[in-house]
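Each remark here refers to the structure printed beneath this line.
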Amino acid sequence: MAVVKGAAYGSEVLGVATAALEAGAKELAVATVSEGVFLCKQGISAPITVLGNLSAEELPDVLTHHLYPTLSWTRALQDVHPDTLKYLNGCPLEVHVEVDTGMSRFGVQPEDLPSVMATLEKLGVKVRSIYTHFQSAITQPQLNKRQYDCFVAATELFL
C-alpha cells in the first residue's frame, strides 16, 4: 500500500499515485475521503483506504466511489439502516478499524473494540483490517513494545 495522503506529502498526488501503482503498489491510502474521491475521478481504480475518521456526511461518497474508510468509532453509521451500507455494486461496506494504543489522536479505545466489532457485524459491515499507529516507531522502542502489547491484547479475540 502506497500512502499518498496530504497530496503525496506535498508532491503532485496523481503522478505519485500513478507511479506507485506502476511500481507495483496494489493499494493506495489517503488522509481524507475527498482525496480518495479525487483519485477515483482521475481514473484510479486501485483500492483506496482512507486513514482519517469517517463522518456521516462522507458516507455517500465512500459508497459511491468504493473507498475503504477507517473507523475509530461507529458514530458515522449510527443513524444508517444496514441495507444502505452497500457499495453501488451491492457489496457490503468494508472498513478498517484503528485501535488507539497510545497515540491518542484517533482510534477505538482497546476496551471498546469488542462493542465496535459487534456493532459492525450487526450492521453487515466487513472489517478489512484492524490496525494501530505507533507514536514513535523509531526512537522509543519501550513505548512501541507497550503499544504492540496493548494492540495484541485488544485484538486477540478477532484474529
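FYI, nothing fancy with the C-alpha cells labels: chains A, B, ... in order, residues from 1 per chain, ligands from 1 as they appear.
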
Problem - Which of chain A DSSP labels alpha helix (DSSP H), written as a PyMOL selection string - result: chain A and resi 5-10+13-22+33-41+59-64+113-123+141-155

Practice task
Pick out each residue of chain A that DSSP on the backbone tags as strand (DSSP E); I need them as a list in words.
Solution key: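 Residues of chain A classed as strand (DSSP E): Ala2, Val3, Leu28, Ala29, Val30, Ile48, Thr49, Val50, Leu51, Gly52, Asn53, Tyr68, Pro69, Thr70, Leu71, Glu94, Val95, His96, Val97, Glu98, Lys126, Val127, Arg128, Ser129, Ile130 and Tyr131 of chain A.
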
Enumerate, in order of chain and increasing residue number, the residues of stretch 6-81 of chain A with an atom no farther than 10 Å from stretch 105-119 of chain A, each with its shortest atom pair and distance in Å to one decimal, counting only C-alpha atoms, as a tab-separated table.
```
residue	atom	partner	partner_atom	distance
A:Leu51	CA	A:Phe106	CA	9.8
A:Gly52	CA	A:Phe106	CA	8.2
A:Asn53	CA	A:Phe106	CA	7.5
A:Thr70	CA	A:Gly107	CA	9.0
A:Leu71	CA	A:Gly107	CA	7.3
A:Ser72	CA	A:Gly107	CA	4.2
A:Trp73	CA	A:Val108	CA	5.9
A:Thr74	CA	A:Val116	CA	6.6
A:Arg75	CA	A:Val116	CA	10.0
A:Leu77	CA	A:Thr119	CA	9.4
A:Gln78	CA	A:Thr119	CA	9.2
```

Handout entry: Closest of A:Val80, A:Ser45, A:Thr101, A:Phe38 to A:Glu57 - atom-to-atom distances counting only C-alpha atoms
Key =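 Distance minimum relative to A:Glu57 lands on A:Val80.
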
Handout entry: Atom pair atom CA of A:Ala137 / atom CA of A:Ser104: separation (Å)
Key = 14.7 Å

Practice task
Fewer than 6 positions away in the same chain doesn't count, so skip those; otherwise give me all residues within 12 Å of A:Leu14, counting only C-alpha atoms, as an NGL selection string.
Solution key: :A and (4-8 or 20-21 or 28 or 30 or 35-44)

Practice task
Work out how far atom CA of A:Val127 is from atom CA of A:Glu156, in Å to one decimal.
Solution key: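 Spanning atom CA of A:Glu156 to atom CA of A:Val127 is a straight-line distance of 14.8 Å.
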
Handout entry: d(atom CA of A:His96, atom CA of A:Tyr131) in Å
Key =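 According to the coordinates, atom CA of A:His96 and atom CA of A:Tyr131 are separated by 7.5 Å.
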
Practice task
Compare A:Val95, A:Pro82, A:Val3, A:Leu88 by their minimum atom-to-atom distance to A:Pro60, counting only C-alpha atoms, and give me the closest one.
Solution key: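 With only C-alpha atoms as the atom set, the closest residue is A:Leu88.
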
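For the choices A:Lys145, A:His65, A:Arg128, A:His81, the atom-to-atom distance to A:Leu159 is smallest for A:Arg128 when using only C-alpha atoms.
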
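Among the candidates A:Thr84, A:Asp79, A:Thr64, A:Met1, the residue lying nearest to A:Ile48 is A:Met1 (atoms considered: only C-alpha atoms).
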